[in-house]
$ cat my_file_7.tsv   # TSV, C-alpha atoms
chain	number	residue	atom	x	y	z
U	1	MET	CA	4.09	36.58	-0.22
U	2	ILE	CA	5.36	34.69	-3.29
U	3	ASN	CA	8.27	33.28	-1.26
U	4	ASN	CA	5.81	31.76	1.18
U	5	LEU	CA	4.27	29.59	-1.54
U	6	THR	CA	5.45	26.02	-1.94
U	7	TYR	CA	6.57	24.77	-5.33
U	8	ARG	CA	3.31	22.83	-5.61
U	9	GLU	CA	1.23	25.87	-4.74
U	10	LYS	CA	3.00	27.92	-7.38
U	11	THR	CA	2.38	25.28	-10.05
U	12	LEU	CA	-1.29	25.24	-9.06
U	13	TRP	CA	-1.54	29.04	-9.28
U	14	LEU	CA	0.09	28.97	-12.71
U	15	ASN	CA	-1.80	25.99	-14.13
U	16	LEU	CA	-5.29	26.72	-12.86
U	17	PRO	CA	-5.93	29.92	-14.90
U	18	THR	CA	-4.47	28.29	-18.03
U	19	THR	CA	-6.66	25.21	-17.68
U	20	LEU	CA	-9.68	27.33	-16.79
U	21	ALA	CA	-9.19	29.59	-19.82
U	22	LEU	CA	-8.61	26.81	-22.37
U	23	LEU	CA	-11.36	24.49	-21.14
U	24	GLY	CA	-13.64	27.48	-20.74
U	25	TYR	CA	-12.99	28.36	-24.37
U	26	TYR	CA	-13.84	24.80	-25.46
U	27	PHE	CA	-17.09	24.53	-23.48
U	28	LEU	CA	-18.13	28.04	-24.50
U	29	SER	CA	-17.55	27.07	-28.16
U	30	VAL	CA	-19.61	23.92	-27.68
U	31	ALA	CA	-22.42	25.75	-25.87
U	32	THR	CA	-22.70	28.73	-28.22
U	33	GLY	CA	-21.34	27.56	-31.55
U	34	ASN	CA	-22.69	25.17	-34.09
U	35	LEU	CA	-19.79	22.78	-33.93
U	36	SER	CA	-20.19	19.40	-35.54
U	37	GLY	CA	-19.19	16.36	-33.49
U	38	GLU	CA	-15.97	15.99	-35.45
U	39	ALA	CA	-15.07	19.68	-35.10
U	40	ALA	CA	-15.71	19.48	-31.35
U	41	ILE	CA	-13.42	16.47	-30.97
U	42	TRP	CA	-10.64	18.26	-32.87
U	43	LEU	CA	-11.12	21.40	-30.79
U	44	TYR	CA	-11.01	19.34	-27.59
U	45	LEU	CA	-7.79	17.60	-28.69
U	46	LYS	CA	-6.26	20.99	-29.53
U	47	VAL	CA	-7.26	22.34	-26.12
U	48	VAL	CA	-5.79	19.31	-24.31
U	49	PHE	CA	-2.61	19.61	-26.37
U	50	GLY	CA	-2.48	23.34	-25.52
U	51	ILE	CA	-2.86	22.61	-21.80
U	52	VAL	CA	-0.08	20.00	-21.90
U	53	VAL	CA	2.31	22.29	-23.83
U	54	LEU	CA	1.59	25.28	-21.56
U	55	GLU	CA	2.06	23.13	-18.43
U	56	ILE	CA	5.41	21.89	-19.72
U	57	ILE	CA	6.52	25.49	-20.42
U	58	VAL	CA	5.25	26.75	-17.04
U	59	LEU	CA	6.88	23.89	-15.11
U	60	SER	CA	10.18	24.30	-16.99
U	61	VAL	CA	10.30	28.04	-16.28
U	62	LEU	CA	9.35	27.52	-12.64
U	63	ALA	CA	11.93	24.73	-12.21
U	64	SER	CA	14.62	27.05	-13.58
U	65	ILE	CA	13.71	29.70	-10.98
U	66	GLN	CA	13.01	27.45	-8.00
U	67	LYS	CA	14.29	23.98	-7.22
U	68	PRO	CA	11.34	21.55	-7.22
U	69	GLU	CA	10.57	20.28	-3.72
U	70	LYS	CA	9.50	16.81	-2.74
U	71	GLN	CA	5.89	16.48	-1.66
U	72	ASP	CA	5.75	16.54	2.15
U	73	GLU	CA	3.04	15.44	4.60
U	74	ARG	CA	1.21	18.79	4.44
U	75	ASP	CA	1.05	18.61	0.62
U	76	ARG	CA	-0.30	15.05	0.87
U	77	SER	CA	-2.87	16.02	3.50
U	78	ILE	CA	-4.11	18.93	1.39
U	79	GLN	CA	-4.17	16.76	-1.73
U	80	ALA	CA	-6.22	14.08	0.05
U	81	ARG	CA	-8.81	16.64	1.15
U	82	ALA	CA	-8.90	18.16	-2.34
U	83	TYR	CA	-9.50	14.74	-3.93
U	84	LYS	CA	-12.59	14.40	-1.74
U	85	TYR	CA	-14.17	17.45	-3.37
U	86	GLY	CA	-13.03	16.41	-6.83
U	87	TYR	CA	-14.59	12.99	-6.24
U	88	PHE	CA	-17.88	14.58	-5.16
U	89	VAL	CA	-18.03	16.59	-8.40
U	90	LEU	CA	-17.11	13.49	-10.42
U	91	ILE	CA	-19.82	11.37	-8.79
U	92	THR	CA	-22.42	14.11	-9.31
U	93	GLY	CA	-21.49	14.34	-13.00
U	94	PHE	CA	-21.56	10.55	-13.25
U	95	ALA	CA	-25.07	10.46	-11.75
U	96	ILE	CA	-26.28	13.14	-14.19
U	97	THR	CA	-24.80	11.23	-17.13
U	98	LEU	CA	-26.31	7.96	-15.94
U	99	TRP	CA	-29.70	9.63	-15.55
U	100	GLN	CA	-29.45	11.13	-19.02
U	101	ILE	CA	-28.51	7.81	-20.64
U	102	SER	CA	-31.29	5.95	-18.77
U	103	VAL	CA	-33.89	8.52	-19.71
U	104	ASN	CA	-32.72	8.42	-23.30
U	105	ALA	CA	-32.96	4.63	-23.39
U	106	LEU	CA	-36.47	4.78	-21.93
U	107	ALA	CA	-37.54	7.41	-24.47
U	108	ASN	CA	-36.20	5.30	-27.34
U	109	ARG	CA	-38.22	2.29	-26.16
U	110	ALA	CA	-41.44	4.27	-25.95
U	111	ASP	CA	-43.18	2.27	-28.69
U	112	ALA	CA	-42.32	-1.05	-27.10
U	113	LEU	CA	-43.75	-0.07	-23.73
U	114	PRO	CA	-47.19	-1.26	-22.61
U	115	GLU	CA	-50.06	1.13	-23.32
U	116	GLY	CA	-50.20	2.59	-19.81
U	117	GLU	CA	-46.53	3.49	-19.79
U	118	HIS	CA	-46.53	5.41	-23.10
U	119	LYS	CA	-47.41	8.60	-21.29
U	120	VAL	CA	-44.41	8.18	-18.98
U	121	ALA	CA	-42.13	7.69	-21.96
U	122	GLU	CA	-43.55	10.77	-23.67
U	123	ILE	CA	-42.93	12.93	-20.62
U	124	VAL	CA	-39.43	11.53	-20.26
U	125	SER	CA	-38.82	12.12	-23.95
U	126	ALA	CA	-39.88	15.77	-23.64
U	127	PHE	CA	-37.34	16.29	-20.87
U	128	ASN	CA	-34.80	14.43	-22.90
U	129	ALA	CA	-34.98	16.36	-26.16
U	130	THR	CA	-31.29	17.25	-25.99
U	131	ALA	CA	-29.97	13.82	-25.04
U	132	THR	CA	-27.64	13.08	-27.91
U	133	PRO	CA	-24.33	11.20	-27.71
U	134	TYR	CA	-22.63	14.54	-28.50
U	135	ILE	CA	-24.11	16.14	-25.39
U	136	THR	CA	-23.52	13.06	-23.25
U	137	ILE	CA	-19.82	13.06	-24.17
U	138	ASN	CA	-19.57	16.76	-23.42
U	139	ILE	CA	-21.26	16.28	-20.04
U	140	ILE	CA	-18.61	13.63	-19.26
U	141	LEU	CA	-15.81	15.97	-20.41
U	142	LEU	CA	-17.30	18.84	-18.40
U	143	THR	CA	-17.54	16.58	-15.35
U	144	LEU	CA	-13.86	15.62	-15.66
U	145	ALA	CA	-12.85	19.27	-16.10
U	146	LEU	CA	-14.96	20.45	-13.15
U	147	ALA	CA	-13.64	17.65	-10.93
U	148	GLU	CA	-10.06	18.65	-11.73
U	149	LEU	CA	-10.82	22.34	-11.19
U	150	ALA	CA	-12.59	21.59	-7.90
U	151	LYS	CA	-9.54	19.62	-6.76
U	152	SER	CA	-7.07	22.37	-7.71
U	153	ALA	CA	-9.19	25.17	-6.25
U	154	THR	CA	-9.64	23.23	-2.99
U	155	GLN	CA	-5.88	22.70	-2.76
U	156	LEU	CA	-5.26	26.43	-3.17
U	157	ILE	CA	-7.87	27.27	-0.52
U	158	TYR	CA	-6.38	24.80	1.97
U	159	TYR	CA	-2.84	26.06	1.33
U	160	ARG	CA	-4.01	29.55	2.36
U	161	LYS	CA	-6.57	28.59	5.02
U	162	GLY	CA	-4.57	25.83	6.66
U	163	VAL	CA	-5.48	22.21	7.44
Y	1	MET	CA	-7.28	32.05	8.65
Y	2	ALA	CA	-8.56	29.80	11.44
Y	3	LYS	CA	-6.04	28.84	14.09
Y	4	LEU	CA	-5.84	25.24	15.20
Y	5	PRO	CA	-5.97	24.29	18.90
Y	6	ILE	CA	-2.37	23.05	18.94
Y	7	GLU	CA	0.07	25.79	19.88
Y	8	ASN	CA	3.81	25.44	19.73
Y	9	ALA	CA	7.08	26.96	20.83
Y	10	ILE	CA	9.05	26.19	17.69
Y	11	ARG	CA	10.05	29.80	17.13
Y	12	THR	CA	11.44	30.01	20.68
Y	13	PHE	CA	13.35	26.74	20.35
Y	14	ARG	CA	14.76	27.81	16.97
Y	15	PHE	CA	16.02	30.99	18.61
Y	16	GLN	CA	17.54	29.04	21.50
Y	17	ASN	CA	19.28	26.68	19.08
Y	18	GLY	CA	21.64	29.14	17.51
Y	19	GLU	CA	18.91	31.06	15.71
Y	20	MET	CA	18.16	28.12	13.49
Y	21	THR	CA	16.32	29.22	10.34
Y	22	GLN	CA	12.99	27.77	9.25
Y	23	GLN	CA	14.75	26.29	6.23
Y	24	GLN	CA	17.37	24.57	8.40
Y	25	LEU	CA	14.68	23.05	10.60
Y	26	ALA	CA	12.70	22.02	7.53
Y	27	ASP	CA	15.75	20.27	6.07
Y	28	LYS	CA	16.44	18.46	9.34
Y	29	VAL	CA	12.90	17.08	9.65
Y	30	GLY	CA	12.31	16.53	5.93
Y	31	VAL	CA	9.53	18.96	5.06
Y	32	THR	CA	9.29	22.25	3.16
Y	33	ARG	CA	9.96	25.63	4.77
Y	34	GLN	CA	6.32	26.53	4.13
Y	35	THR	CA	5.20	23.59	6.27
Y	36	ILE	CA	7.34	24.86	9.16
Y	37	ILE	CA	5.80	28.33	8.67
Y	38	ALA	CA	2.30	26.82	8.70
Y	39	ILE	CA	3.06	24.86	11.90
Y	40	GLU	CA	4.53	27.91	13.64
Y	41	GLN	CA	1.45	29.95	12.73
Y	42	ALA	CA	-0.83	27.11	13.98
Y	43	ARG	CA	-2.32	26.69	10.49
Y	44	TYR	CA	-1.22	23.07	10.24
Y	45	SER	CA	-1.14	20.32	12.86
Y	46	PRO	CA	1.81	18.06	12.10
Y	47	THR	CA	1.57	14.30	12.22
Y	48	LEU	CA	2.80	12.63	15.40
Y	49	GLU	CA	5.91	11.48	13.55
Y	50	LEU	CA	6.82	15.01	12.41
Y	51	ALA	CA	6.06	16.42	15.86
Y	52	PHE	CA	8.47	13.90	17.43
Y	53	LYS	CA	11.10	14.72	14.80
Y	54	ILE	CA	10.83	18.44	15.60
Y	55	ALA	CA	11.08	17.80	19.35
Y	56	ALA	CA	14.06	15.48	18.81
Y	57	THR	CA	15.80	18.14	16.72
Y	58	PHE	CA	15.65	20.50	19.72
Y	59	ASN	CA	16.45	17.67	22.21
Y	60	VAL	CA	13.28	18.32	24.18
Y	61	THR	CA	10.09	16.39	24.86
Y	62	LEU	CA	6.98	16.65	22.70
Y	63	ASP	CA	4.92	18.58	25.28
Y	64	GLN	CA	7.64	21.19	25.60
Y	65	VAL	CA	7.22	22.03	21.92
Y	66	PHE	CA	3.48	21.43	21.39
Y	67	GLN	CA	0.59	22.32	23.69
Y	68	TYR	CA	-3.06	21.44	23.15
Y	69	LYS	CA	-5.21	24.49	23.94
Y	70	PRO	CA	-8.84	24.03	22.90
Y	71	GLU	CA	-10.99	27.19	22.66
$ encode --input "my_file_7.tsv" --output "structure tokens"
Amino acid sequence: MINNLTYREKTLWLNLPTTLALLGYYFLSVATGNLSGEAAIWLYLKVVFGIVVLEIIVLSVLASIQKPEKQDERDRSIQARAYKYGYFVLITGFAITLWQISVNALANRADALPEGEHKVAEIVSAFNATATPYITINIILLTLALAELAKSATQLIYYRKGV
Amino acid sequence: MAKLPIENAIRTFRFQNGEMTQQQLADKVGVTRQTIIAIEQARYSPTLELAFKIAATFNVTLDQVFQYKPE
């Protein structure tokens, strides 16, 4: 079974759990802990550094076992399909972020709105109680992470399923 | 795993060409061994260029190697 995996597939199988675990740890810490903005940034940088270091180690070990292969047309075809799903996740996250920022801006301008529109701003504000820059940044980071995970997972599925 | 409607006789032609290995064929046409495996198992439809390369490696025409068989 393992011999039937391409070099790229093996790197995906090795990197995906690592990335999932480290980013999962970060977002779990953000969601459950009382991290300050500064602490969250430092934790995120540590997690990114950890991912990079682990990827270097994994790729070095793998390269010592198996000669890296050039990407062929099947790899490129699978990658192109995987990017489609990653892009979809990215655009969805982008839309959510845009909505959150717009709603936040509207809520902040509540006092300046004409009398009739105050009610709208109040409703929006109620929905928007958690819209802080800290959360917005973390939604963007989560979007990037999910897009990358969607891309990698799709690649692995297509390698097994066929294209 | 869903099979694609393009069948092929690569395995037969490899056997007829001095029992050429999948790796040898892969090296000749410039892809990975896993891509040859995927094509043989009808899990990947090669590009026209790769299909021609494979046929040329066996000195046969394209339709001798690949057949389109829709369900």
$ residues_around --input "my_file_7.tsv" --residues "range 6-12 of chain Y" --least-positions-apart "4" --cutoff "9 Å" --atoms "all atoms listed in the file" --output "short mmCIF file (atom, residue, chain, number, x, y, z; two decimals) with C-alpha atoms, keeping the file's coordinate frame"
data_model
loop_
_atom_site.label_atom_id
_atom_site.label_comp_id
_atom_site.auth_asym_id
_atom_site.auth_seq_id
_atom_site.Cartn_x
_atom_site.Cartn_y
_atom_site.Cartn_z
CA GLN Y 16 17.54 29.04 21.50
CA ASN Y 17 19.28 26.68 19.08
CA GLN Y 22 12.99 27.77 9.25
CA ILE Y 36 7.34 24.86 9.16
CA ILE Y 39 3.06 24.86 11.90
CA GLU Y 40 4.53 27.91 13.64
CA GLN Y 41 1.45 29.95 12.73
CA ALA Y 42 -0.83 27.11 13.98
CA TYR Y 44 -1.22 23.07 10.24
CA SER Y 45 -1.14 20.32 12.86
CA ILE Y 54 10.83 18.44 15.60
CA ALA Y 55 11.08 17.80 19.35
CA PHE Y 58 15.65 20.50 19.72
CA ASP Y 63 4.92 18.58 25.28
CA GLN Y 64 7.64 21.19 25.60
CA VAL Y 65 7.22 22.03 21.92
CA PHE Y 66 3.48 21.43 21.39
CA GLN Y 67 0.59 22.32 23.69
CA TYR Y 68 -3.06 21.44 23.15
CA LYS Y 69 -5.21 24.49 23.94
CA PRO Y 70 -8.84 24.03 22.90
#
$ interface_residues --input "my_file_7.tsv" --of "chain Y" --to "chain U" --cutoff "8 Å" --atoms "all atoms listed in the file" --output "number ranges by chain"
Y: 1-2, 30-32, 34-35, 38, 43-47
$ closest_residue --input "my_file_7.tsv" --among "Y:Phe52, Y:Leu25, Y:Arg33, Y:Glu71" --to "Phe13 in chain Y" --atoms "all atoms listed in the file"
Y:Leu25
$ atom_distance --input "my_file_7.tsv" --atom1 "CA of Leu50 in chain Y" --atom2 "CA of Arg76 in chain U"
13.6 Å
$ atom_distance --input "my_file_7.tsv" --atom1 "CA of Ser29 in chain U" --atom2 "CA of Gln155 in chain U"
28.3 Å
$ atom_distance --input "my_file_7.tsv" --atom1 "CA of Ala153 in chain U" --atom2 "CA of Thr11 in chain U"
12.2 Å
$ closest_residue --input "my_file_7.tsv" --among "Y:Ile37, Y:Leu48, Y:Val60, Y:Leu4" --to "Gln23 in chain Y" --atoms "only C-alpha atoms"
Y:Ile37
$ closest_residue --input "my_file_7.tsv" --among "U:Thr132, U:Asn138, U:Leu98, U:Glu148" --to "Tyr26 in chain U" --atoms "all atoms listed in the file"
U:Asn138
$ closest_residue --input "my_file_7.tsv" --among "U:Thr136, U:Gln66, U:Thr92, U:Thr143" --to "Arg8 in chain U" --atoms "all atoms listed in the file"
U:Gln66
$ closest_residue --input "my_file_7.tsv" --among "U:Val47, U:Ala112, U:Pro133, U:Gln79" --to "Gln100 in chain U" --atoms "all atoms listed in the file"
U:Pro133
$ decode --input "my_file_7.tsv" --residues "range 39-153 of chain U" --atoms "C-alpha atoms" --output "PDB file, in the first residue's frame"
ATOM      1  CA  ALA U  39      -0.749  36.159  23.692  1.00  0.00           C
ATOM      2  CA  ALA U  40      -2.802  34.851  20.766  1.00  0.00           C
ATOM      3  CA  ILE U  41      -0.430  36.398  18.228  1.00  0.00           C
ATOM      4  CA  TRP U  42       2.569  34.833  19.982  1.00  0.00           C
ATOM      5  CA  LEU U  43       0.828  31.464  20.157  1.00  0.00           C
ATOM      6  CA  TYR U  44      -0.041  31.685  16.457  1.00  0.00           C
ATOM      7  CA  LEU U  45       3.568  32.530  15.544  1.00  0.00           C
ATOM      8  CA  LYS U  46       4.775  29.584  17.643  1.00  0.00           C
ATOM      9  CA  VAL U  47       2.296  27.272  15.924  1.00  0.00           C
ATOM     10  CA  VAL U  48       3.356  28.467  12.446  1.00  0.00           C
ATOM     11  CA  PHE U  49       7.016  28.063  13.422  1.00  0.00           C
ATOM     12  CA  GLY U  50       6.227  24.560  14.729  1.00  0.00           C
ATOM     13  CA  ILE U  51       4.494  23.616  11.466  1.00  0.00           C
ATOM     14  CA  VAL U  52       7.444  24.873   9.398  1.00  0.00           C
ATOM     15  CA  VAL U  53      10.027  23.039  11.554  1.00  0.00           C
ATOM     16  CA  LEU U  54       8.014  19.792  11.548  1.00  0.00           C
ATOM     17  CA  GLU U  55       7.508  20.004   7.762  1.00  0.00           C
ATOM     18  CA  ILE U  56      11.247  20.468   7.237  1.00  0.00           C
ATOM     19  CA  ILE U  57      11.975  17.436   9.461  1.00  0.00           C
ATOM     20  CA  VAL U  58       9.291  15.301   7.785  1.00  0.00           C
ATOM     21  CA  LEU U  59      10.419  16.242   4.259  1.00  0.00           C
ATOM     22  CA  SER U  60      14.093  15.630   5.117  1.00  0.00           C
ATOM     23  CA  VAL U  61      13.352  12.181   6.550  1.00  0.00           C
ATOM     24  CA  LEU U  62      11.113  11.301   3.610  1.00  0.00           C
ATOM     25  CA  ALA U  63      13.693  12.536   1.080  1.00  0.00           C
ATOM     26  CA  SER U  64      16.319  10.319   2.720  1.00  0.00           C
ATOM     27  CA  ILE U  65      14.050   7.278   2.322  1.00  0.00           C
ATOM     28  CA  GLN U  66      12.568   8.031  -1.090  1.00  0.00           C
ATOM     29  CA  LYS U  67      13.935  10.112  -3.933  1.00  0.00           C
ATOM     30  CA  PRO U  68      11.636  13.117  -4.471  1.00  0.00           C
ATOM     31  CA  GLU U  69       9.736  12.855  -7.753  1.00  0.00           C
ATOM     32  CA  LYS U  70       8.900  15.642 -10.135  1.00  0.00           C
ATOM     33  CA  GLN U  71       5.258  16.646 -10.232  1.00  0.00           C
ATOM     34  CA  ASP U  72       3.593  14.937 -13.197  1.00  0.00           C
ATOM     35  CA  GLU U  73       0.330  15.657 -15.036  1.00  0.00           C
ATOM     36  CA  ARG U  74      -1.769  13.582 -12.611  1.00  0.00           C
ATOM     37  CA  ASP U  75      -0.357  15.506  -9.625  1.00  0.00           C
ATOM     38  CA  ARG U  76      -1.133  18.792 -11.399  1.00  0.00           C
ATOM     39  CA  SER U  77      -4.652  17.676 -12.298  1.00  0.00           C
ATOM     40  CA  ILE U  78      -5.370  16.637  -8.706  1.00  0.00           C
ATOM     41  CA  GLN U  79      -3.841  19.859  -7.381  1.00  0.00           C
ATOM     42  CA  ALA U  80      -5.999  21.967  -9.713  1.00  0.00           C
ATOM     43  CA  ARG U  81      -9.168  20.231  -8.518  1.00  0.00           C
ATOM     44  CA  ALA U  82      -8.084  20.576  -4.888  1.00  0.00           C
ATOM     45  CA  TYR U  83      -7.465  24.325  -5.315  1.00  0.00           C
ATOM     46  CA  LYS U  84     -11.093  24.668  -6.440  1.00  0.00           C
ATOM     47  CA  TYR U  85     -12.331  23.414  -3.066  1.00  0.00           C
ATOM     48  CA  GLY U  86      -9.747  25.447  -1.165  1.00  0.00           C
ATOM     49  CA  TYR U  87     -10.871  28.535  -3.081  1.00  0.00           C
ATOM     50  CA  PHE U  88     -14.517  27.853  -2.217  1.00  0.00           C
ATOM     51  CA  VAL U  89     -13.664  27.699   1.501  1.00  0.00           C
ATOM     52  CA  LEU U  90     -11.554  30.853   1.186  1.00  0.00           C
ATOM     53  CA  ILE U  91     -14.334  32.796  -0.548  1.00  0.00           C
ATOM     54  CA  THR U  92     -16.888  31.641   2.031  1.00  0.00           C
ATOM     55  CA  GLY U  93     -14.605  32.805   4.857  1.00  0.00           C
ATOM     56  CA  PHE U  94     -13.985  36.065   3.019  1.00  0.00           C
ATOM     57  CA  ALA U  95     -17.745  36.656   2.694  1.00  0.00           C
ATOM     58  CA  ILE U  96     -18.270  35.953   6.416  1.00  0.00           C
ATOM     59  CA  THR U  97     -15.464  38.351   7.334  1.00  0.00           C
ATOM     60  CA  LEU U  98     -16.809  41.028   5.011  1.00  0.00           C
ATOM     61  CA  TRP U  99     -20.282  40.620   6.495  1.00  0.00           C
ATOM     62  CA  GLN U 100     -18.888  40.856  10.014  1.00  0.00           C
ATOM     63  CA  ILE U 101     -16.890  44.010   9.251  1.00  0.00           C
ATOM     64  CA  SER U 102     -19.862  45.649   7.480  1.00  0.00           C
ATOM     65  CA  VAL U 103     -22.231  44.836  10.313  1.00  0.00           C
ATOM     66  CA  ASN U 104     -19.712  46.131  12.817  1.00  0.00           C
ATOM     67  CA  ALA U 105     -19.324  49.386  10.895  1.00  0.00           C
ATOM     68  CA  LEU U 106     -23.097  49.789  10.734  1.00  0.00           C
ATOM     69  CA  ALA U 107     -23.453  49.127  14.464  1.00  0.00           C
ATOM     70  CA  ASN U 108     -20.769  51.712  15.258  1.00  0.00           C
ATOM     71  CA  ARG U 109     -22.606  54.343  13.219  1.00  0.00           C
ATOM     72  CA  ALA U 110     -25.899  53.709  14.974  1.00  0.00           C
ATOM     73  CA  ASP U 111     -26.067  57.182  16.532  1.00  0.00           C
ATOM     74  CA  ALA U 112     -25.426  58.925  13.236  1.00  0.00           C
ATOM     75  CA  LEU U 113     -28.216  57.074  11.452  1.00  0.00           C
ATOM     76  CA  PRO U 114     -31.599  58.722  10.816  1.00  0.00           C
ATOM     77  CA  GLU U 115     -34.265  58.043  13.432  1.00  0.00           C
ATOM     78  CA  GLY U 116     -36.017  55.299  11.461  1.00  0.00           C
ATOM     79  CA  GLU U 117     -32.848  53.302  10.976  1.00  0.00           C
ATOM     80  CA  HIS U 118     -31.814  53.207  14.647  1.00  0.00           C
ATOM     81  CA  LYS U 119     -33.820  50.058  15.171  1.00  0.00           C
ATOM     82  CA  VAL U 120     -31.970  48.342  12.311  1.00  0.00           C
ATOM     83  CA  ALA U 121     -28.641  49.322  13.821  1.00  0.00           C
ATOM     84  CA  GLU U 122     -29.708  48.025  17.237  1.00  0.00           C
ATOM     85  CA  ILE U 123     -30.699  44.658  15.803  1.00  0.00           C
ATOM     86  CA  VAL U 124     -27.466  44.465  13.846  1.00  0.00           C
ATOM     87  CA  SER U 125     -25.528  45.431  16.941  1.00  0.00           C
ATOM     88  CA  ALA U 126     -27.165  42.634  18.955  1.00  0.00           C
ATOM     89  CA  PHE U 127     -26.063  40.098  16.358  1.00  0.00           C
ATOM     90  CA  ASN U 128     -22.670  41.690  16.304  1.00  0.00           C
ATOM     91  CA  ALA U 129     -21.814  41.622  20.001  1.00  0.00           C
ATOM     92  CA  THR U 130     -18.685  39.562  19.380  1.00  0.00           C
ATOM     93  CA  ALA U 131     -17.352  41.522  16.407  1.00  0.00           C
ATOM     94  CA  THR U 132     -13.988  42.636  17.690  1.00  0.00           C
ATOM     95  CA  PRO U 133     -10.794  42.978  15.635  1.00  0.00           C
ATOM     96  CA  TYR U 134      -9.447  39.997  17.628  1.00  0.00           C
ATOM     97  CA  ILE U 135     -12.279  37.776  16.405  1.00  0.00           C
ATOM     98  CA  THR U 136     -12.128  39.160  12.873  1.00  0.00           C
ATOM     99  CA  ILE U 137      -8.421  38.322  12.636  1.00  0.00           C
ATOM    100  CA  ASN U 138      -9.061  34.842  13.975  1.00  0.00           C
ATOM    101  CA  ILE U 139     -11.864  34.286  11.464  1.00  0.00           C
ATOM    102  CA  ILE U 140      -9.386  35.222   8.707  1.00  0.00           C
ATOM    103  CA  LEU U 141      -6.751  32.861  10.162  1.00  0.00           C
ATOM    104  CA  LEU U 142      -9.337  30.096  10.506  1.00  0.00           C
ATOM    105  CA  THR U 143     -10.427  30.671   6.907  1.00  0.00           C
ATOM    106  CA  LEU U 144      -6.836  30.357   5.667  1.00  0.00           C
ATOM    107  CA  ALA U 145      -6.309  27.198   7.730  1.00  0.00           C
ATOM    108  CA  LEU U 146      -9.574  25.605   6.578  1.00  0.00           C
ATOM    109  CA  ALA U 147      -8.848  26.471   2.941  1.00  0.00           C
ATOM    110  CA  GLU U 148      -5.445  24.796   3.179  1.00  0.00           C
ATOM    111  CA  LEU U 149      -6.908  21.764   4.952  1.00  0.00           C
ATOM    112  CA  ALA U 150      -9.709  21.497   2.384  1.00  0.00           C
ATOM    113  CA  LYS U 151      -7.118  21.582  -0.405  1.00  0.00           C
ATOM    114  CA  SER U 152      -4.913  18.901   1.200  1.00  0.00           C
ATOM    115  CA  ALA U 153      -7.847  16.647   2.108  1.00  0.00           C
TER     116      ALA U 153
END
